Structure formats: C-alpha cells, structure tokens
Amino acid sequence: VQLVESGGGLVQPGGSLRLSCASSGGVFAINPMAWYRQAPGKQRELVARIDVSKATNYTDSVKGRFTISRDNAKEILYLQMNSLKPEDTAVYYCNSRDIFGVYHWGQGTQVTVSS
C-alpha cells in the first residue's frame, strides 16, 4: 500500500484547508483509514479515523472543526479542516491498516497556521 498526502500549506488562523491522501496498491474500500499529526517536539497523535462503514471519530481538540471522509471509488481519504488554530500546526500523516493488520504511512504534509 502506498499513501501520498497533499493539500498542506500555510494558512491564517480561522482559515481552512483540505488534505487528501491518495492510496494505491491495496484494497482501499476494506481498510480502516486515519489521519495523524505530529507537532515539533511532540508525539504523533491520532486526529481522526474512519472505518469501512464510514463511521468516524475524532480527537476532542478537533471535534466540530475537522471532518474526515473517504471516496472508495477514487481511493482517496480527505480531511477537511476549518477554523484552524495555531495549535493545529503539525505534519499530518495518512494511515491505513490492511487486511493483514499491517499499518501503512504516507510521507506527511506540513500544515502551518500562522498570521
């Protein structure tokens, strides 16, 4: 499974970004997917996940602001991020778990929220 993130960048506080993660080499529709992030000097943390039934859950700090979704036909995972805050600044990683229980990671995309 190969995962390639895109859509990061520099945005002002209160702004929005949409991250994308293109998947290839696996059976996307049957893999649970997630977004993680890692800020400088901090551990990588789970931001949001979506299972094969499209049920979702979020870490408390992004609830009501971020939305995770998936397009199984296009094999793309999304993260819509609204009302961004400086504390959202991090490298965002796409993650999937394949049918063998192996976790796969993308290379990450930088999100910087600053005025």
# chains A, B, ... in the order shown; residues from 1 in each chain; ligands from 1

$ residues_around --residues "segment 43-60 of chain A" --least-positions-apart "2" --cutoff "6 Å" --atoms "only C-alpha atoms" --output "PyMOL selection string"
chain A and resi 30+32-38+62-63

$ write_last_selection --atoms "N, CA and C atoms" --output "tab-separated table (two decimals), in the first residue's frame"
chain	number	residue	atom	x	y	z
A	30	ILE	N	-11.75	-1.66	1.97
A	30	ILE	CA	-11.87	-2.52	3.14
A	30	ILE	C	-10.85	-2.18	4.21
A	32	PRO	N	-9.55	0.29	7.19
A	32	PRO	CA	-9.76	1.45	8.06
A	32	PRO	C	-8.67	2.48	7.78
A	33	MET	N	-9.04	3.75	7.81
A	33	MET	CA	-8.10	4.82	7.49
A	33	MET	C	-8.10	5.85	8.62
A	34	ALA	N	-7.03	6.62	8.69
A	34	ALA	CA	-6.93	7.63	9.74
A	34	ALA	C	-5.97	8.73	9.34
A	35	TRP	N	-6.13	9.87	10.01
A	35	TRP	CA	-5.17	10.96	9.94
A	35	TRP	C	-4.52	11.11	11.31
A	36	TYR	N	-3.21	11.24	11.30
A	36	TYR	CA	-2.43	11.54	12.49
A	36	TYR	C	-1.70	12.85	12.24
A	37	ARG	N	-1.18	13.44	13.32
A	37	ARG	CA	-0.34	14.62	13.16
A	37	ARG	C	0.76	14.60	14.21
A	38	GLN	N	1.84	15.28	13.88
A	38	GLN	CA	2.96	15.37	14.80
A	38	GLN	C	3.51	16.79	14.76
A	62	VAL	N	-10.31	18.59	17.89
A	62	VAL	CA	-10.71	18.94	16.53
A	62	VAL	C	-12.20	18.72	16.27
A	63	LYS	N	-12.90	18.19	17.24
A	63	LYS	CA	-14.34	17.94	17.06
A	63	LYS	C	-15.08	19.22	16.70

$ residues_around --residues "Tyr103 of chain A" --least-positions-apart "4" --cutoff "10 Å" --atoms "only C-alpha atoms" --output "mmCIF file with all heavy atoms, in the first residue's frame"
data_model
loop_
_atom_site.group_PDB
_atom_site.id
_atom_site.type_symbol
_atom_site.label_atom_id
_atom_site.label_comp_id
_atom_site.auth_asym_id
_atom_site.auth_seq_id
_atom_site.Cartn_x
_atom_site.Cartn_y
_atom_site.Cartn_z
ATOM 1 N N VAL A 1 0.846 -1.189 0.000
ATOM 2 C CA VAL A 1 0.000 0.000 0.000
ATOM 3 C C VAL A 1 0.885 1.244 0.000
ATOM 4 O O VAL A 1 1.804 1.362 0.807
ATOM 5 C CB VAL A 1 -0.932 0.027 1.221
ATOM 6 C CG1 VAL A 1 -1.728 1.325 1.269
ATOM 7 C CG2 VAL A 1 -1.855 -1.181 1.224
ATOM 8 N N ASN A 31 -10.126 -1.083 4.023
ATOM 9 C CA ASN A 31 -9.112 -0.689 5.009
ATOM 10 C C ASN A 31 -9.595 0.456 5.878
ATOM 11 O O ASN A 31 -9.970 1.508 5.353
ATOM 12 C CB ASN A 31 -7.823 -0.251 4.296
ATOM 13 C CG ASN A 31 -7.142 -1.390 3.566
ATOM 14 O OD1 ASN A 31 -7.401 -2.556 3.830
ATOM 15 N ND2 ASN A 31 -6.263 -1.047 2.640
ATOM 16 N N PRO A 32 -9.552 0.285 7.192
ATOM 17 C CA PRO A 32 -9.765 1.449 8.058
ATOM 18 C C PRO A 32 -8.670 2.478 7.784
ATOM 19 O O PRO A 32 -7.519 2.113 7.534
ATOM 20 C CB PRO A 32 -9.636 0.874 9.469
ATOM 21 C CG PRO A 32 -9.853 -0.589 9.313
ATOM 22 C CD PRO A 32 -9.322 -0.936 7.960
ATOM 23 N N MET A 33 -9.038 3.751 7.815
ATOM 24 C CA MET A 33 -8.102 4.824 7.494
ATOM 25 C C MET A 33 -8.103 5.853 8.616
ATOM 26 O O MET A 33 -9.086 5.976 9.361
ATOM 27 C CB MET A 33 -8.503 5.526 6.192
ATOM 28 C CG MET A 33 -8.614 4.632 4.978
ATOM 29 S SD MET A 33 -7.026 4.019 4.394
ATOM 30 C CE MET A 33 -6.212 5.544 3.909
ATOM 31 N N ASN A 95 -2.842 7.274 7.307
ATOM 32 C CA ASN A 95 -2.547 5.938 7.822
ATOM 33 C C ASN A 95 -3.634 4.977 7.374
ATOM 34 O O ASN A 95 -4.822 5.332 7.349
ATOM 35 C CB ASN A 95 -2.481 6.009 9.349
ATOM 36 C CG ASN A 95 -2.409 4.648 9.996
ATOM 37 O OD1 ASN A 95 -3.442 4.028 10.262
ATOM 38 N ND2 ASN A 95 -1.219 4.171 10.250
ATOM 39 N N SER A 96 -3.226 3.765 7.036
ATOM 40 C CA SER A 96 -4.210 2.723 6.757
ATOM 41 C C SER A 96 -3.761 1.421 7.409
ATOM 42 O O SER A 96 -2.570 1.213 7.658
ATOM 43 C CB SER A 96 -4.379 2.517 5.251
ATOM 44 O OG SER A 96 -3.253 1.854 4.713
ATOM 45 N N ARG A 97 -4.737 0.569 7.675
ATOM 46 C CA ARG A 97 -4.449 -0.769 8.199
ATOM 47 C C ARG A 97 -4.976 -1.783 7.204
ATOM 48 O O ARG A 97 -6.168 -1.794 6.895
ATOM 49 C CB ARG A 97 -5.103 -0.974 9.561
ATOM 50 C CG ARG A 97 -4.673 -2.270 10.238
ATOM 51 C CD ARG A 97 -5.354 -2.463 11.573
ATOM 52 N NE ARG A 97 -6.704 -2.976 11.423
ATOM 53 C CZ ARG A 97 -7.782 -2.388 11.941
ATOM 54 N NH1 ARG A 97 -7.660 -1.275 12.614
ATOM 55 N NH2 ARG A 97 -8.968 -2.932 11.782
ATOM 56 N N ASP A 98 -4.077 -2.625 6.682
ATOM 57 C CA ASP A 98 -4.518 -3.559 5.642
ATOM 58 C C ASP A 98 -5.126 -4.820 6.249
ATOM 59 O O ASP A 98 -5.229 -4.941 7.476
ATOM 60 C CB ASP A 98 -3.379 -3.860 4.662
ATOM 61 C CG ASP A 98 -2.238 -4.640 5.299
ATOM 62 O OD1 ASP A 98 -2.454 -5.338 6.301
ATOM 63 O OD2 ASP A 98 -1.111 -4.553 4.772
ATOM 64 N N ILE A 99 -5.504 -5.756 5.394
ATOM 65 C CA ILE A 99 -6.218 -6.944 5.863
ATOM 66 C C ILE A 99 -5.335 -7.867 6.695
ATOM 67 O O ILE A 99 -5.842 -8.754 7.383
ATOM 68 C CB ILE A 99 -6.809 -7.729 4.685
ATOM 69 C CG1 ILE A 99 -5.712 -8.192 3.717
ATOM 70 C CG2 ILE A 99 -7.857 -6.901 3.963
ATOM 71 C CD1 ILE A 99 -6.198 -9.132 2.649
#

$ closest_residue --among "A:Val4, A:Val113, A:Met81, A:Pro40" --to "Thr67 of chain A" --atoms "only C-alpha atoms"
A:Met81

$ select_by_dssp --residues "chain A" --states "helix (DSSP H, G or I)" --output "JSON, numbers by chain"
{"A": [28, 29, 30, 60, 61, 62, 86, 87, 88]}

$ select_by_dssp --residues "chain A" --states "strand (DSSP E or B)" --output "NGL selection string"
:A and (2-6 or 9-11 or 17-24 or 33-38 or 45-50 or 56-58 or 66-71 or 76-81 or 90-97 or 103-105 or 109-113)
